[in-house]
Amino acid sequence: MFDVLETLNTPAYILEETKLRRNCELLAKLAEKSQAKVLVALKGFAFSKAMSIVGEYLSGCACSGLWEAKFAKEFMDKEIHTYSPAFKDDEIDEIAKLSHHIVFNSVHQLMQFQTKIKQSKIGLRCNLEFSMAPKELYNPCGAFSRLGIRACDLENTDLNRVSGLHFHALCEENAESLEQVLKVFEKKFKNFLHRVQWVNFGGGHHITKKGYNIEKLVELCKRFSDKYGVQVYLEPGEAVGWQCGVLAARVLDLVSNEKMIAILDTSSEAHMPDTLLMPYTSEVANARIIATREGEKISEKRQGEFVYVLGGNTCLAGDIMGEYAFKKELERGDVVFFLDQIHYTIVKNTTFNGVRLPNLVLYTSEKQFKIVREFSYLDYAKRN
């Protein structure tokens with residue numbers, strides 16, 4: 001595939017249908033064994049022309065507001081579950097029409113909007129005050145969190161119209177982490193669990209990552225569902241798009257400043273924002289990481305290798321992807337492929353510095369490239 005991609009316009013996100021189906025098949029088998037319903041979280045994966053593929057396997061979409069709910073309706077049209085830290089007055093009616101479940105973040109918003117929504121749809125997000133998230137930036141249950149309602153704040157609340165509970169306390173975690181979270185959830189919210197019909201275990205489940213204990217997840221979902229008589233939901237985003245596509249970028253120039261530096265027509269700041277926030281250094285096809293984007297040494301150069309710092313085409317000094325060793329010298333016009341760049345990229349990218357948004361390309365199971373969307377100056381002008 002990489003040889004054919006040399007002819008495509010860059011930058012471009014290329015989603016591989018075969019790998020996406022592999023992830024979705026695994027998630028569908030999980031749903032069948034556990035009787036849990038699996039939703040794709042659009043905040044992590046929202047590739048318009050692939051949503052019908054995902055819809056062949058999963059039950060629907062987990063949305064974060066009106067626009068994602070409308071996207072879910074347009075491109076998949078299955079179950080739509082919508083949660084927001086705060087809903088707006090002028091959007092709630094449309095959200096109510098679109099959504100099968102609406103999850104409120106506070107008792108105040110529950111009281112404000114519950115009469116506009118069918119009783120069977122209403123859920124509450126719970127703050128467990130406990131999380132397995134690896135850092136505070138991604139910890140929804142940390143100190144002073146604005147996300148969710150603590151158990152102590154529900155004790156004197158009228159929950160007659162509430163049909164379900166939702167929590168989110170994981171970030172790229174395994175089934176063993178979920179087990180710890182469930183113990184806390186059951187302990188803190190046990191007084192409410194027998195009153196509801198469904199419980200959403202949220203996202204952050206790294207289900208499609210190699211080594212994930214699927215059988216344990218099945219066991220946890222079935223045991224919880226049987227114990228409380230509820231429908232369990234899971235809403236992975238990253239697990240759907242995990243390792244199923246690349247970001248293709250072209251070498252625009254090569255400069256030397258003690259090290260060889262390749263300037264690409266993409267940007268870690270604008271097109272791979274999680275590399276800055278997590279932070280992490282992306283793997284590159286046919287190359288080895290020598291040093292991270294922050295300069296941490298990973299390995300030494302080997303004989304016959306050619307080492308380059310890969311940098312973005314913006315004025316941000318820190319717009320660096322890392323230092324990589326290639327088996328052959330890079331030349332201007334060569335294409336570099338950053339791996340695993342489908343989740344949390346398209347949904348978060350920007351036109352910072354006026355850089356072009358990467359085109360969206362689907363590499364079909366028939367080994368054909370389909371241009372899903374080509375972006376132009378108008379896309380930049382319309383959002384500024």
# chains A, B, ... in the order shown; residues from 1 in each chain; ligands from 1
>>> residues_around(residues="Glu235 (chain A)", least_positions_apart="5", cutoff="8 Å", atoms="only C-alpha atoms", output="list in words")
Val38, Leu39, Val40, Ala41, Cys61, Ala62, Asn200, Phe201, Gly202 and Gly203 of chain A
>>> write_last_selection(atoms="N, CA and C atoms", output="PDB file, in the first residue's frame")
ATOM      1  N   VAL A  38     -22.263  -2.098  22.528  1.00  0.00           N
ATOM      2  CA  VAL A  38     -21.058  -1.304  22.298  1.00  0.00           C
ATOM      3  C   VAL A  38     -21.390  -0.145  21.358  1.00  0.00           C
ATOM      4  N   LEU A  39     -21.029   1.056  21.788  1.00  0.00           N
ATOM      5  CA  LEU A  39     -21.213   2.280  21.012  1.00  0.00           C
ATOM      6  C   LEU A  39     -19.843   2.817  20.615  1.00  0.00           C
ATOM      7  N   VAL A  40     -19.761   3.479  19.480  1.00  0.00           N
ATOM      8  CA  VAL A  40     -18.524   4.163  19.117  1.00  0.00           C
ATOM      9  C   VAL A  40     -18.597   5.586  19.659  1.00  0.00           C
ATOM     10  N   ALA A  41     -17.580   5.996  20.418  1.00  0.00           N
ATOM     11  CA  ALA A  41     -17.526   7.354  20.942  1.00  0.00           C
ATOM     12  C   ALA A  41     -16.985   8.271  19.851  1.00  0.00           C
ATOM     13  N   CYS A  61     -23.870   5.231  18.501  1.00  0.00           N
ATOM     14  CA  CYS A  61     -22.847   6.237  18.771  1.00  0.00           C
ATOM     15  C   CYS A  61     -23.039   6.890  20.135  1.00  0.00           C
ATOM     16  N   ALA A  62     -21.912   7.176  20.796  1.00  0.00           N
ATOM     17  CA  ALA A  62     -21.909   7.994  21.996  1.00  0.00           C
ATOM     18  C   ALA A  62     -21.479   9.399  21.585  1.00  0.00           C
ATOM     19  N   ASN A 200     -23.996   2.683  31.851  1.00  0.00           N
ATOM     20  CA  ASN A 200     -22.974   2.883  30.824  1.00  0.00           C
ATOM     21  C   ASN A 200     -21.608   2.958  31.488  1.00  0.00           C
ATOM     22  N   PHE A 201     -20.714   2.027  31.116  1.00  0.00           N
ATOM     23  CA  PHE A 201     -19.370   1.969  31.691  1.00  0.00           C
ATOM     24  C   PHE A 201     -18.409   2.950  31.035  1.00  0.00           C
ATOM     25  N   GLY A 202     -18.904   3.816  30.151  1.00  0.00           N
ATOM     26  CA  GLY A 202     -18.078   4.852  29.553  1.00  0.00           C
ATOM     27  C   GLY A 202     -17.025   4.312  28.601  1.00  0.00           C
ATOM     28  N   GLY A 203     -16.001   5.140  28.360  1.00  0.00           N
ATOM     29  CA  GLY A 203     -14.941   4.788  27.421  1.00  0.00           C
ATOM     30  C   GLY A 203     -13.618   4.555  28.119  1.00  0.00           C
TER      31      GLY A 203
END
>>> residues_around(residues="region 194-199 of chain A", least_positions_apart="4", cutoff="12 Å", atoms="only C-alpha atoms", output="mmCIF file with N, CA and C atoms, in the first residue's frame")
data_model
loop_
_atom_site.group_PDB
_atom_site.id
_atom_site.type_symbol
_atom_site.label_atom_id
_atom_site.label_comp_id
_atom_site.auth_asym_id
_atom_site.auth_seq_id
_atom_site.Cartn_x
_atom_site.Cartn_y
_atom_site.Cartn_z
ATOM 1 N N ALA A 36 -23.434 -7.000 26.428
ATOM 2 C CA ALA A 36 -23.323 -5.539 26.538
ATOM 3 C C ALA A 36 -23.502 -4.939 25.152
ATOM 4 N N LYS A 37 -23.987 -3.719 25.096
ATOM 5 C CA LYS A 37 -24.078 -3.002 23.831
ATOM 6 C C LYS A 37 -22.867 -2.087 23.708
ATOM 7 N N HIS A 101 -30.695 7.982 24.599
ATOM 8 C CA HIS A 101 -30.365 8.298 25.982
ATOM 9 C C HIS A 101 -29.783 9.700 26.028
ATOM 10 N N VAL A 103 -27.754 11.987 28.897
ATOM 11 C CA VAL A 103 -27.118 11.890 30.207
ATOM 12 C C VAL A 103 -26.783 13.284 30.718
ATOM 13 N N GLN A 119 -39.123 9.794 29.891
ATOM 14 C CA GLN A 119 -38.529 9.231 31.108
ATOM 15 C C GLN A 119 -37.513 8.136 30.806
ATOM 16 N N SER A 120 -37.774 7.321 29.800
ATOM 17 C CA SER A 120 -36.905 6.176 29.497
ATOM 18 C C SER A 120 -35.540 6.596 28.970
ATOM 19 N N LYS A 121 -35.407 7.854 28.596
ATOM 20 C CA LYS A 121 -34.166 8.325 27.993
ATOM 21 C C LYS A 121 -33.176 8.901 28.995
ATOM 22 N N ILE A 122 -33.623 9.256 30.181
ATOM 23 C CA ILE A 122 -32.821 10.111 31.062
ATOM 24 C C ILE A 122 -31.801 9.319 31.873
ATOM 25 N N GLY A 123 -30.539 9.798 31.826
ATOM 26 C CA GLY A 123 -29.483 9.215 32.626
ATOM 27 C C GLY A 123 -28.699 10.288 33.355
ATOM 28 N N LEU A 124 -27.899 9.869 34.326
ATOM 29 C CA LEU A 124 -27.041 10.784 35.076
ATOM 30 C C LEU A 124 -25.607 10.280 35.018
ATOM 31 N N ARG A 125 -24.686 11.213 34.872
ATOM 32 C CA ARG A 125 -23.268 10.847 34.928
ATOM 33 C C ARG A 125 -22.795 10.888 36.369
ATOM 34 N N CYS A 126 -22.102 9.832 36.778
ATOM 35 C CA CYS A 126 -21.625 9.704 38.157
ATOM 36 C C CYS A 126 -20.137 10.051 38.245
ATOM 37 N N ASP A 158 -34.731 13.591 43.705
ATOM 38 C CA ASP A 158 -35.820 12.800 43.133
ATOM 39 C C ASP A 158 -35.338 12.179 41.818
ATOM 40 N N LEU A 159 -35.182 10.871 41.805
ATOM 41 C CA LEU A 159 -34.654 10.177 40.636
ATOM 42 C C LEU A 159 -35.723 9.343 39.927
ATOM 43 N N ASN A 160 -36.983 9.656 40.147
ATOM 44 C CA ASN A 160 -38.068 8.864 39.573
ATOM 45 C C ASN A 160 -38.041 8.825 38.049
ATOM 46 N N ARG A 161 -37.544 9.875 37.428
ATOM 47 C CA ARG A 161 -37.515 9.924 35.960
ATOM 48 C C ARG A 161 -36.185 9.442 35.377
ATOM 49 N N VAL A 162 -35.270 9.061 36.241
ATOM 50 C CA VAL A 162 -33.949 8.627 35.774
ATOM 51 C C VAL A 162 -33.961 7.130 35.477
ATOM 52 N N SER A 163 -33.545 6.748 34.269
ATOM 53 C CA SER A 163 -33.577 5.337 33.876
ATOM 54 C C SER A 163 -32.198 4.696 33.848
ATOM 55 N N GLY A 164 -31.116 5.503 33.908
ATOM 56 C CA GLY A 164 -29.796 4.911 33.812
ATOM 57 C C GLY A 164 -28.706 5.760 34.442
ATOM 58 N N LEU A 165 -27.554 5.132 34.655
ATOM 59 C CA LEU A 165 -26.382 5.800 35.196
ATOM 60 C C LEU A 165 -25.198 5.603 34.249
ATOM 61 N N HIS A 166 -24.319 6.576 34.264
ATOM 62 C CA HIS A 166 -23.158 6.567 33.380
ATOM 63 C C HIS A 166 -21.943 6.967 34.193
ATOM 64 N N PHE A 167 -20.813 6.301 33.939
ATOM 65 C CA PHE A 167 -19.559 6.778 34.526
ATOM 66 C C PHE A 167 -18.453 6.657 33.493
ATOM 67 N N HIS A 168 -17.411 7.444 33.684
ATOM 68 C CA HIS A 168 -16.242 7.381 32.810
ATOM 69 C C HIS A 168 -15.020 7.618 33.688
ATOM 70 N N LEU A 182 -15.162 -0.644 38.952
ATOM 71 C CA LEU A 182 -16.496 -1.173 39.254
ATOM 72 C C LEU A 182 -16.691 -1.396 40.755
ATOM 73 N N PHE A 185 -17.507 1.977 42.076
ATOM 74 C CA PHE A 185 -18.828 2.391 41.604
ATOM 75 C C PHE A 185 -19.933 1.688 42.382
ATOM 76 N N GLU A 186 -19.819 0.384 42.546
ATOM 77 C CA GLU A 186 -20.841 -0.370 43.280
ATOM 78 C C GLU A 186 -20.916 0.061 44.734
ATOM 79 N N PHE A 189 -22.448 3.862 44.736
ATOM 80 C CA PHE A 189 -23.750 4.111 44.113
ATOM 81 C C PHE A 189 -24.702 2.920 44.256
ATOM 82 N N LYS A 190 -24.435 2.024 45.205
ATOM 83 C CA LYS A 190 -25.251 0.810 45.354
ATOM 84 C C LYS A 190 -26.712 1.129 45.651
ATOM 85 N N CYS A 221 -18.874 -7.601 32.579
ATOM 86 C CA CYS A 221 -20.145 -7.079 32.052
ATOM 87 C C CYS A 221 -21.309 -7.998 32.408
ATOM 88 N N PHE A 224 -22.117 -7.985 36.260
ATOM 89 C CA PHE A 224 -22.781 -6.754 36.676
ATOM 90 C C PHE A 224 -24.221 -6.716 36.176
ATOM 91 N N SER A 225 -24.405 -7.091 34.919
ATOM 92 C CA SER A 225 -25.743 -7.079 34.329
ATOM 93 C C SER A 225 -26.679 -8.044 35.054
ATOM 94 N N ASP A 226 -26.195 -9.235 35.377
ATOM 95 C CA ASP A 226 -27.016 -10.227 36.070
ATOM 96 C C ASP A 226 -27.333 -9.791 37.500
ATOM 97 N N LYS A 227 -26.368 -9.191 38.148
ATOM 98 C CA LYS A 227 -26.539 -8.804 39.548
ATOM 99 C C LYS A 227 -27.599 -7.725 39.715
ATOM 100 N N TYR A 228 -27.611 -6.756 38.788
ATOM 101 C CA TYR A 228 -28.503 -5.607 38.948
ATOM 102 C C TYR A 228 -29.653 -5.590 37.936
ATOM 103 N N GLY A 229 -29.682 -6.535 37.025
ATOM 104 C CA GLY A 229 -30.758 -6.583 36.041
ATOM 105 C C GLY A 229 -30.770 -5.403 35.106
ATOM 106 N N VAL A 230 -29.589 -4.973 34.658
ATOM 107 C CA VAL A 230 -29.480 -3.790 33.803
ATOM 108 C C VAL A 230 -28.832 -4.146 32.471
ATOM 109 N N GLN A 231 -29.084 -3.296 31.484
ATOM 110 C CA GLN A 231 -28.363 -3.368 30.220
ATOM 111 C C GLN A 231 -27.061 -2.594 30.379
ATOM 112 N N VAL A 232 -25.946 -3.239 30.081
ATOM 113 C CA VAL A 232 -24.636 -2.588 30.160
ATOM 114 C C VAL A 232 -24.255 -2.029 28.795
ATOM 115 N N TYR A 233 -23.697 -0.826 28.817
ATOM 116 C CA TYR A 233 -23.164 -0.199 27.605
ATOM 117 C C TYR A 233 -21.670 0.071 27.776
ATOM 118 N N LEU A 234 -20.941 -0.032 26.687
ATOM 119 C CA LEU A 234 -19.544 0.386 26.605
ATOM 120 C C LEU A 234 -19.434 1.373 25.449
ATOM 121 N N GLU A 235 -18.574 2.364 25.584
ATOM 122 C CA GLU A 235 -18.466 3.342 24.505
ATOM 123 C C GLU A 235 -17.010 3.666 24.158
#
>>> residues_around(residues="Thr275 (chain A)", least_positions_apart="5", cutoff="12 Å", atoms="only C-alpha atoms", output="JSON, numbers by chain")
{"A": [267, 268, 269, 270, 280, 281, 282, 283, 292, 293, 294, 318, 319, 320, 321, 322, 338, 340, 341, 343, 344, 345, 348, 349]}
>>> select_by_dssp(residues="region 100-312 of chain A", states="strand (DSSP E or B)", output="JSON, numbers by chain")
{"A": [101, 102, 103, 104, 122, 123, 124, 125, 126, 149, 164, 165, 166, 167, 173, 198, 199, 200, 205, 231, 232, 233, 234, 245, 246, 247, 248, 249, 250, 251, 252, 253, 254, 255, 256, 257, 259, 260, 261, 262, 263, 264, 284, 287, 288, 289, 290, 291, 297, 306, 307, 308, 309, 310, 311]}
>>> atom_distance(atom1="CA of Asn213 (chain A)", atom2="CA of Leu27 (chain A)")
12.6 Å
>>> residues_around(residues="Ala46 (chain A)", least_positions_apart="6", cutoff="12 Å", atoms="only C-alpha atoms", output="number ranges by chain")
A: 15, 40, 52-54, 61-63, 67-69, 71-72, 74-76, 237-238, 240-241, 342-348, 360
>>> closest_atom_pairs(of="region 244-347 of chain A", to="region 131-149 of chain A", cutoff="12 Å", atoms="only C-alpha atoms", output="Markdown table")
| residue | atom | partner | partner_atom | distance |
| --- | --- | --- | --- | --- |
| A:Asp274 | CA | A:Tyr138 | CA | 11.5 |
| A:Leu277 | CA | A:Leu137 | CA | 8.4 |
| A:Met278 | CA | A:Leu137 | CA | 8.6 |
| A:Pro279 | CA | A:Lys135 | CA | 10.6 |
>>> write_last_selection(atoms="N, CA and C atoms", output="short mmCIF file (atom, residue, chain, number, x, y, z; two decimals), in the first residue's frame")
data_model
loop_
_atom_site.label_atom_id
_atom_site.label_comp_id
_atom_site.auth_asym_id
_atom_site.auth_seq_id
_atom_site.Cartn_x
_atom_site.Cartn_y
_atom_site.Cartn_z
N ASP A 274 -2.55 14.88 19.87
CA ASP A 274 -2.31 14.01 21.02
C ASP A 274 -0.83 13.73 21.25
N LEU A 277 -0.15 16.38 23.71
CA LEU A 277 -0.90 16.35 24.96
C LEU A 277 -0.63 15.12 25.80
N MET A 278 -0.44 13.95 25.17
CA MET A 278 -0.31 12.74 25.98
C MET A 278 0.91 12.73 26.91
N PRO A 279 2.16 13.06 26.47
CA PRO A 279 2.65 13.12 25.09
C PRO A 279 3.15 11.75 24.65
#
>>> closest_residue(among="A:Leu252, A:Ile371, A:Leu378, A:Ala287", to="Phe337 (chain A)", atoms="only C-alpha atoms")
A:Ala287
>>> closest_residue(among="A:Leu193, A:Leu339, A:Met111, A:Ala381", to="Gln243 (chain A)", atoms="only C-alpha atoms")
A:Leu339
>>> decode(residues="region 91-108 of chain A", atoms="N, CA, C and O atoms", output="PDB file, in the first residue's frame")
ATOM      1  N   GLU A  91     -30.738  24.006  22.265  1.00  0.00           N
ATOM      2  CA  GLU A  91     -30.357  22.773  21.588  1.00  0.00           C
ATOM      3  C   GLU A  91     -31.045  21.533  22.163  1.00  0.00           C
ATOM      4  O   GLU A  91     -31.096  20.498  21.498  1.00  0.00           O
ATOM      5  N   ILE A  92     -31.557  21.644  23.382  1.00  0.00           N
ATOM      6  CA  ILE A  92     -32.030  20.456  24.089  1.00  0.00           C
ATOM      7  C   ILE A  92     -33.205  19.777  23.391  1.00  0.00           C
ATOM      8  O   ILE A  92     -33.306  18.542  23.380  1.00  0.00           O
ATOM      9  N   ASP A  93     -34.097  20.553  22.758  1.00  0.00           N
ATOM     10  CA  ASP A  93     -35.249  19.942  22.098  1.00  0.00           C
ATOM     11  C   ASP A  93     -34.812  19.064  20.925  1.00  0.00           C
ATOM     12  O   ASP A  93     -35.323  17.947  20.745  1.00  0.00           O
ATOM     13  N   GLU A  94     -33.862  19.546  20.137  1.00  0.00           N
ATOM     14  CA  GLU A  94     -33.387  18.763  18.999  1.00  0.00           C
ATOM     15  C   GLU A  94     -32.594  17.548  19.478  1.00  0.00           C
ATOM     16  O   GLU A  94     -32.713  16.461  18.905  1.00  0.00           O
ATOM     17  N   ILE A  95     -31.808  17.727  20.515  1.00  0.00           N
ATOM     18  CA  ILE A  95     -31.066  16.608  21.089  1.00  0.00           C
ATOM     19  C   ILE A  95     -32.026  15.538  21.593  1.00  0.00           C
ATOM     20  O   ILE A  95     -31.811  14.337  21.404  1.00  0.00           O
ATOM     21  N   ALA A  96     -33.112  15.970  22.226  1.00  0.00           N
ATOM     22  CA  ALA A  96     -34.111  15.028  22.754  1.00  0.00           C
ATOM     23  C   ALA A  96     -34.759  14.218  21.634  1.00  0.00           C
ATOM     24  O   ALA A  96     -35.042  13.027  21.804  1.00  0.00           O
ATOM     25  N   LYS A  97     -34.993  14.831  20.480  1.00  0.00           N
ATOM     26  CA  LYS A  97     -35.589  14.118  19.352  1.00  0.00           C
ATOM     27  C   LYS A  97     -34.628  13.094  18.750  1.00  0.00           C
ATOM     28  O   LYS A  97     -35.034  12.026  18.310  1.00  0.00           O
ATOM     29  N   LEU A  98     -33.341  13.445  18.749  1.00  0.00           N
ATOM     30  CA  LEU A  98     -32.348  12.587  18.119  1.00  0.00           C
ATOM     31  C   LEU A  98     -31.905  11.429  19.009  1.00  0.00           C
ATOM     32  O   LEU A  98     -31.582  10.346  18.518  1.00  0.00           O
ATOM     33  N   SER A  99     -31.889  11.638  20.325  1.00  0.00           N
ATOM     34  CA  SER A  99     -31.173  10.740  21.234  1.00  0.00           C
ATOM     35  C   SER A  99     -32.058   9.669  21.855  1.00  0.00           C
ATOM     36  O   SER A  99     -33.194   9.918  22.233  1.00  0.00           O
ATOM     37  N   HIS A 100     -31.487   8.477  22.003  1.00  0.00           N
ATOM     38  CA  HIS A 100     -32.139   7.392  22.730  1.00  0.00           C
ATOM     39  C   HIS A 100     -31.875   7.522  24.231  1.00  0.00           C
ATOM     40  O   HIS A 100     -32.717   7.158  25.044  1.00  0.00           O
ATOM     41  N   HIS A 101     -30.695   7.982  24.599  1.00  0.00           N
ATOM     42  CA  HIS A 101     -30.365   8.298  25.982  1.00  0.00           C
ATOM     43  C   HIS A 101     -29.783   9.700  26.028  1.00  0.00           C
ATOM     44  O   HIS A 101     -28.998  10.076  25.151  1.00  0.00           O
ATOM     45  N   ILE A 102     -30.165  10.469  27.041  1.00  0.00           N
ATOM     46  CA  ILE A 102     -29.551  11.773  27.312  1.00  0.00           C
ATOM     47  C   ILE A 102     -29.034  11.741  28.736  1.00  0.00           C
ATOM     48  O   ILE A 102     -29.802  11.487  29.676  1.00  0.00           O
ATOM     49  N   VAL A 103     -27.754  11.987  28.897  1.00  0.00           N
ATOM     50  CA  VAL A 103     -27.118  11.890  30.207  1.00  0.00           C
ATOM     51  C   VAL A 103     -26.783  13.284  30.718  1.00  0.00           C
ATOM     52  O   VAL A 103     -26.045  14.031  30.063  1.00  0.00           O
ATOM     53  N   PHE A 104     -27.333  13.603  31.886  1.00  0.00           N
ATOM     54  CA  PHE A 104     -27.091  14.913  32.489  1.00  0.00           C
ATOM     55  C   PHE A 104     -25.901  14.864  33.429  1.00  0.00           C
ATOM     56  O   PHE A 104     -25.620  13.853  34.079  1.00  0.00           O
ATOM     57  N   ASN A 105     -25.225  15.998  33.511  1.00  0.00           N
ATOM     58  CA  ASN A 105     -23.996  16.109  34.286  1.00  0.00           C
ATOM     59  C   ASN A 105     -24.230  16.681  35.677  1.00  0.00           C
ATOM     60  O   ASN A 105     -23.337  16.620  36.531  1.00  0.00           O
ATOM     61  N   SER A 106     -25.410  17.245  35.918  1.00  0.00           N
ATOM     62  CA  SER A 106     -25.695  17.857  37.225  1.00  0.00           C
ATOM     63  C   SER A 106     -27.157  17.678  37.572  1.00  0.00           C
ATOM     64  O   SER A 106     -28.012  17.490  36.693  1.00  0.00           O
ATOM     65  N   VAL A 107     -27.451  17.752  38.854  1.00  0.00           N
ATOM     66  CA  VAL A 107     -28.837  17.683  39.322  1.00  0.00           C
ATOM     67  C   VAL A 107     -29.619  18.881  38.804  1.00  0.00           C
ATOM     68  O   VAL A 107     -30.797  18.764  38.435  1.00  0.00           O
ATOM     69  N   HIS A 108     -28.963  20.037  38.730  1.00  0.00           N
ATOM     70  CA  HIS A 108     -29.649  21.237  38.243  1.00  0.00           C
ATOM     71  C   HIS A 108     -30.141  21.043  36.816  1.00  0.00           C
ATOM     72  O   HIS A 108     -31.299  21.369  36.493  1.00  0.00           O
TER      73      HIS A 108
END
